[in-house]
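Raw structure_29.txt, compact mmCIF, C-alpha atoms:
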```
# COMPACT_ATOMS: atom_id res chain seq x y z
CA MET B 1 -0.73 -12.03 138.80
CA ALA B 2 -3.11 -12.07 141.75
CA LEU B 3 -3.20 -15.88 142.06
CA GLU B 4 0.56 -16.00 142.42
CA ARG B 5 0.68 -13.15 144.94
CA ARG B 6 -2.39 -14.05 146.99
CA PHE B 7 -2.24 -17.86 147.01
CA GLY B 8 1.36 -18.67 146.08
CA ALA B 9 0.04 -20.45 143.00
CA GLN B 10 2.27 -21.25 140.06
CA VAL B 11 0.49 -20.10 136.90
CA SER B 12 1.36 -21.74 133.58
CA TRP B 13 -0.45 -20.28 130.59
CA LEU B 14 -1.20 -22.88 127.94
CA PRO B 15 -2.62 -22.19 124.49
CA PHE B 16 -6.38 -22.63 124.18
CA ASP B 17 -8.24 -21.82 120.97
CA LEU B 18 -11.64 -20.83 122.34
CA HIS B 19 -13.23 -20.22 118.94
CA PRO B 20 -11.52 -22.22 116.19
CA GLU B 21 -14.67 -21.69 114.10
CA TYR B 22 -14.00 -17.96 113.69
CA PRO B 23 -12.94 -17.08 110.15
CA PRO B 24 -9.26 -16.16 109.66
CA GLU B 25 -10.15 -12.47 109.39
CA GLY B 26 -12.08 -12.63 112.66
CA LEU B 27 -15.74 -12.31 113.57
CA PRO B 28 -17.44 -8.97 112.95
CA ARG B 29 -18.35 -7.55 116.37
CA PRO B 30 -22.04 -7.09 115.41
CA GLU B 31 -22.26 -10.88 114.97
CA LEU B 32 -20.86 -11.39 118.47
CA ILE B 33 -23.36 -8.93 119.91
CA GLU B 34 -26.14 -10.72 118.02
CA ARG B 35 -25.06 -14.01 119.64
CA TYR B 36 -24.63 -12.78 123.22
CA GLY B 37 -26.43 -9.44 123.45
CA THR B 38 -25.13 -6.02 124.44
CA GLY B 39 -25.17 -6.87 128.15
CA MET B 40 -22.04 -8.99 127.78
CA THR B 41 -19.95 -5.95 126.83
CA GLU B 42 -21.17 -3.95 129.81
CA ARG B 43 -20.54 -6.86 132.22
CA MET B 44 -16.99 -7.20 130.89
CA ARG B 45 -16.40 -3.46 131.19
CA GLU B 46 -17.61 -3.52 134.82
CA PHE B 47 -15.51 -6.60 135.63
CA PHE B 48 -12.36 -4.96 134.26
CA ALA B 49 -13.08 -1.62 135.96
CA ALA B 50 -13.54 -3.33 139.34
CA ARG B 51 -9.98 -4.63 138.99
CA GLY B 52 -8.48 -1.37 137.75
CA LEU B 53 -8.01 -2.73 134.22
CA ASP B 54 -8.78 -1.15 130.86
CA TYR B 55 -11.46 -2.71 128.67
CA ASN B 56 -11.27 -1.42 125.14
CA PRO B 57 -11.47 -4.33 122.68
CA HIS B 58 -11.24 -3.69 118.95
CA PRO B 59 -14.52 -2.12 117.89
CA ASP B 60 -14.86 -3.87 114.53
CA VAL B 61 -13.73 -7.45 114.93
CA VAL B 62 -13.28 -10.26 117.41
CA PRO B 63 -10.03 -11.84 116.19
CA ASN B 64 -9.28 -15.40 115.28
CA THR B 65 -6.45 -15.95 117.75
CA MET B 66 -4.75 -19.01 116.24
CA SER B 67 -1.82 -16.98 114.88
CA ALA B 68 -1.40 -15.13 118.18
CA LEU B 69 -1.44 -18.43 120.07
CA ARG B 70 1.14 -19.92 117.71
CA LEU B 71 3.32 -16.84 118.14
CA THR B 72 3.20 -17.20 121.93
CA GLU B 73 4.51 -20.73 121.49
CA LEU B 74 7.50 -19.37 119.59
CA ALA B 75 7.97 -16.93 122.47
CA ARG B 76 7.73 -19.85 124.93
CA ASP B 77 10.52 -21.68 123.11
CA LEU B 78 12.62 -18.50 123.28
CA GLY B 79 11.99 -17.98 127.01
CA LYS B 80 9.70 -14.96 126.48
CA HIS B 81 6.24 -16.47 126.80
CA GLY B 82 5.09 -14.44 129.79
CA GLU B 83 6.12 -11.15 128.24
CA MET B 84 4.50 -11.99 124.89
CA HIS B 85 1.32 -13.23 126.54
CA ASP B 86 1.01 -10.05 128.60
CA ARG B 87 1.76 -7.83 125.60
CA LEU B 88 -0.95 -9.52 123.53
CA MET B 89 -3.47 -9.12 126.36
CA ASP B 90 -2.70 -5.42 126.69
CA ALA B 91 -2.78 -4.93 122.93
CA TYR B 92 -6.23 -6.50 122.66
CA TRP B 93 -8.02 -5.52 125.86
CA ALA B 94 -6.56 -2.08 126.55
CA GLU B 95 -5.32 -0.81 123.19
CA ALA B 96 -8.05 -2.16 120.86
CA GLN B 97 -5.55 -3.80 118.51
CA ASN B 98 -6.63 -6.66 116.28
CA ILE B 99 -4.37 -9.48 117.46
CA GLY B 100 -5.58 -11.65 114.60
CA ASP B 101 -3.87 -9.37 112.09
CA ALA B 102 -0.42 -10.56 110.96
CA ASP B 103 1.01 -7.03 110.73
CA VAL B 104 -0.13 -6.22 114.26
CA LEU B 105 1.41 -9.48 115.48
CA ARG B 106 4.72 -8.72 113.72
CA THR B 107 4.86 -5.33 115.42
CA LEU B 108 4.09 -6.75 118.86
CA ALA B 109 6.60 -9.58 118.41
CA GLY B 110 9.22 -7.03 117.39
CA GLU B 111 8.53 -5.06 120.58
CA MET B 112 9.24 -8.24 122.53
CA GLY B 113 12.49 -8.85 120.66
CA LEU B 114 11.37 -12.00 118.85
CA PRO B 115 13.50 -12.70 115.76
CA GLY B 116 11.74 -11.32 112.68
CA GLN B 117 12.56 -14.29 110.45
CA GLU B 118 11.14 -16.77 112.96
CA VAL B 119 8.04 -14.60 113.45
CA ASP B 120 7.53 -14.54 109.67
CA ASP B 121 8.01 -18.31 109.57
CA VAL B 122 5.33 -18.83 112.24
CA LEU B 123 2.89 -16.43 110.60
CA GLY B 124 3.51 -17.79 107.10
CA THR B 125 3.17 -21.48 107.96
CA ASP B 126 1.34 -23.79 110.34
CA ARG B 127 4.30 -23.90 112.74
CA TYR B 128 3.08 -24.59 116.31
CA ARG B 129 -0.48 -25.29 115.12
CA ASP B 130 -0.31 -28.90 116.34
CA ARG B 131 0.86 -27.74 119.76
CA VAL B 132 -2.08 -25.30 120.06
CA VAL B 133 -4.59 -27.86 118.81
CA ASP B 134 -3.27 -30.56 121.18
CA SER B 135 -3.30 -28.21 124.16
CA THR B 136 -6.85 -27.11 123.31
CA ARG B 137 -7.97 -30.73 122.99
CA GLN B 138 -6.47 -31.62 126.38
CA ALA B 139 -8.16 -28.63 128.02
CA VAL B 140 -11.53 -29.57 126.55
CA THR B 141 -11.19 -33.11 127.91
CA VAL B 142 -11.01 -31.71 131.47
CA GLY B 143 -14.02 -29.47 130.87
CA ALA B 144 -12.49 -26.16 129.79
CA ASN B 145 -14.91 -24.23 127.62
CA ALA B 146 -14.09 -20.65 128.61
CA VAL B 147 -11.09 -18.41 129.05
CA PRO B 148 -9.41 -18.14 131.29
CA ALA B 149 -9.71 -21.65 132.69
CA PHE B 150 -7.71 -22.65 135.75
CA VAL B 151 -6.86 -26.20 136.75
CA LEU B 152 -5.93 -26.09 140.43
CA ASP B 153 -3.66 -28.80 141.77
CA GLN B 154 -4.62 -30.95 138.78
CA ARG B 155 -7.93 -31.64 140.56
CA LEU B 156 -10.27 -28.66 140.34
CA LEU B 157 -11.37 -26.62 137.33
CA VAL B 158 -12.35 -22.95 137.69
CA LEU B 159 -13.83 -21.47 134.52
CA GLY B 160 -13.82 -17.86 133.47
CA ALA B 161 -12.56 -14.68 135.06
CA GLN B 162 -13.74 -15.11 138.63
CA PRO B 163 -13.59 -12.87 141.69
CA GLU B 164 -10.97 -13.61 144.31
CA ALA B 165 -13.59 -15.12 146.63
CA VAL B 166 -14.13 -17.98 144.18
CA PHE B 167 -10.43 -18.84 144.32
CA GLU B 168 -10.41 -18.59 148.12
CA GLN B 169 -13.24 -21.12 148.21
CA ALA B 170 -11.55 -23.36 145.64
CA PHE B 171 -8.22 -23.42 147.50
CA ALA B 172 -10.05 -24.07 150.78
CA GLN B 173 -11.88 -26.97 149.11
CA LEU B 174 -8.57 -28.43 147.94
CA GLU B 175 -7.05 -28.14 151.41
CA ALA B 176 -10.09 -29.79 153.00
CA ALA B 177 -9.83 -32.70 150.58
CA GLU B 178 -6.24 -33.49 151.57
```

Represent the supplied structure as structure tokens.
Amino acid sequence: MALERRFGAQVSWLPFDLHPEYPPEGLPRPELIERYGTGMTERMREFFAARGLDYNPHPDVVPNTMSALRLTELARDLGKHGEMHDRLMDAYWAEAQNIGDADVLRTLAGEMGLPGQEVDDVLGTDRYRDRVVDSTRQAVTVGANAVPAFVLDQRLLVLGAQPEAVFEQAFAQLEAAE
């Protein structure tokens, strides 16, 4: 990740349920476009392209990510969080997979070598839900209301996918404050 390479930052991904109000089957994409307009999609596409990344989200639905977040917590407990997190990001953003769908999640978890029985247990119960809800609550208390959200040195919050210049300024601000 660029923050680690460029600034020597240690990045710890924590679960954050940005839209707990989405129905379990996800939000139909036309409803999202109605909320935010078509310009949002083009801005995201340009942002991704400027960084050499693919932007190809699922055309029909914006997923409810609670199950995916809970599955990443299983992966965390098994020492595979980073790999699972990255695989889910690629599946959603580049491959247009619905990461709210249990069958898609089972397939992705299998690719990462997560034990099938434990995956089924997570997807069939509320296992790890409290962890996700607690982490989300803590993030909201420090002002997080977007993803990604970065807390730098436990003192400065940077919201959203920002250009490198924003992080340069933020790290400079932290150094000046010491």

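Shortest atom-to-atom contact with Gln162 of chain B among B:Met44, B:Leu71, B:Ala96, B:Leu27: B:Met44, counting only C-alpha atoms.
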
Next on the checklist: Measuring between all atoms listed in the file, which one of B:Val147, B:Ala165, B:Ala68, B:Leu74 shows the shortest distance to Leu108 of chain B?
Outcome noted: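 Ranking B:Val147, B:Ala165, B:Ala68, B:Leu74 by distance to Leu108 of chain B, first place goes to B:Ala68.
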
Checklist entry - Do you have the atom CA of Ile33 of chain B-atom CA of Leu105 of chain B distance handy? => result 25.2 Å

Item to check | Proximity to His81 of chain B - best of B:Asp130, B:Gly52, B:Ala109, B:Glu4, all atoms listed in the file | outcome: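 Ranking B:Asp130, B:Gly52, B:Ala109, B:Glu4 by distance to His81 of chain B, first place goes to B:Ala109.
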
Checklist entry - Of the candidates B:Thr65, B:Thr41, B:Gln169, B:Thr72, which shows the shortest atom-to-atom distance to Leu114 of chain B, using all atoms listed in the file? => result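 The answer is B:Thr72, which sits nearest to Leu114 of chain B.
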
Checklist entry - Expressed in Å to a single decimal, how great is the separation between atom CA of Gly8 of chain B and atom CA of Phe171 of chain B? => result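 These two atoms are separated by 10.8 Å.
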
Report, as JSON, the axis-aligned box around all atoms of segment 131-148 of chain B present in the file, extended by 8 Å on each side; give centre and edge lengths in Å to one decimal place.
```
{"center_x": -7.0, "center_y": -25.6, "center_z": 125.1, "size_x": 31.8, "size_y": 31.0, "size_z": 28.7}
```

Item to check | Near-Tyr22 of chain B list (9 Å; only C-alpha atoms; drop same-chain fewer than 2 positions) as JSON, numbers by chain | outcome: {"B": [19, 20, 24, 25, 26, 27, 62, 63, 64, 65]}

Just-selected residues, C-alpha atoms written as a JSON list (two decimals), in the frame of the given file:
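Result written to selection.json:
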```
[["chain", "number", "residue", "atom", "x", "y", "z"],
["B", 19, "HIS", "CA", -13.23, -20.22, 118.94],
["B", 20, "PRO", "CA", -11.52, -22.22, 116.19],
["B", 24, "PRO", "CA", -9.26, -16.16, 109.66],
["B", 25, "GLU", "CA", -10.15, -12.47, 109.39],
["B", 26, "GLY", "CA", -12.08, -12.63, 112.66],
["B", 27, "LEU", "CA", -15.74, -12.31, 113.57],
["B", 62, "VAL", "CA", -13.28, -10.26, 117.41],
["B", 63, "PRO", "CA", -10.03, -11.84, 116.19],
["B", 64, "ASN", "CA", -9.28, -15.40, 115.28],
["B", 65, "THR", "CA", -6.45, -15.95, 117.75]]
```

Item to check | Pick from B:His58, B:Arg76, B:Arg106, B:Arg155, whichever lies nearest to Asp121 of chain B using all atoms listed in the file | outcome: B:Arg106

Checklist entry - For the atom pair atom CA of Glu175 of chain B and atom CA of Gln154 of chain B, what is the interatomic distance in Å to one decimal place? => result 13.2 Å

Checklist entry - With only C-alpha atoms as the basis for distance, which of B:Glu42, B:Asp77, B:Glu164, B:Glu83 is at the shortest distance from Leu3 of chain B? => result B:Glu164

Item to check | All residues 12 Å or closer to Asp86 of chain B, only C-alpha atoms, same chain fewer than 2 positions away omitted, as number ranges by chain | outcome: B: 1, 13, 68, 72, 75, 80-84, 88-94, 108-109, 112

Selected residues written out with C-alpha atoms, as a CSV table (one decimal), in the coordinates of the input:
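Written output follows (out05.csv):
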```csv
chain,number,residue,atom,x,y,z
B,1,MET,CA,-0.7,-12.0,138.8
B,13,TRP,CA,-0.4,-20.3,130.6
B,68,ALA,CA,-1.4,-15.1,118.2
B,72,THR,CA,3.2,-17.2,121.9
B,75,ALA,CA,8.0,-16.9,122.5
B,80,LYS,CA,9.7,-15.0,126.5
B,81,HIS,CA,6.2,-16.5,126.8
B,82,GLY,CA,5.1,-14.4,129.8
B,83,GLU,CA,6.1,-11.2,128.2
B,84,MET,CA,4.5,-12.0,124.9
B,88,LEU,CA,-1.0,-9.5,123.5
B,89,MET,CA,-3.5,-9.1,126.4
B,90,ASP,CA,-2.7,-5.4,126.7
B,91,ALA,CA,-2.8,-4.9,122.9
B,92,TYR,CA,-6.2,-6.5,122.7
B,93,TRP,CA,-8.0,-5.5,125.9
B,94,ALA,CA,-6.6,-2.1,126.6
B,108,LEU,CA,4.1,-6.8,118.9
B,109,ALA,CA,6.6,-9.6,118.4
B,112,MET,CA,9.2,-8.2,122.5
```

Item to check | Polymer residues at most 8 Å from Ser135 of chain B, only C-alpha atoms, same-chain spacing of 6 or more positions, as a PyMOL selection string | outcome: chain B and resi 14-16

Next on the checklist: as number ranges by chain, please: the residues near Ala9 of chain B (cut-off 12 Å, all atoms listed in the file, same-chain neighbours under 3 positions excluded).
Outcome noted: B: 1-6, 12, 150-153, 167-168, 171

Checklist entry - Skipping near chain neighbours, those fewer than 3 positions away, what residues fall within 9 Å of segment 30-32 of chain B using only C-alpha atoms, listed as a PyMOL selection string? => result chain B and resi 27+35-37+60-62
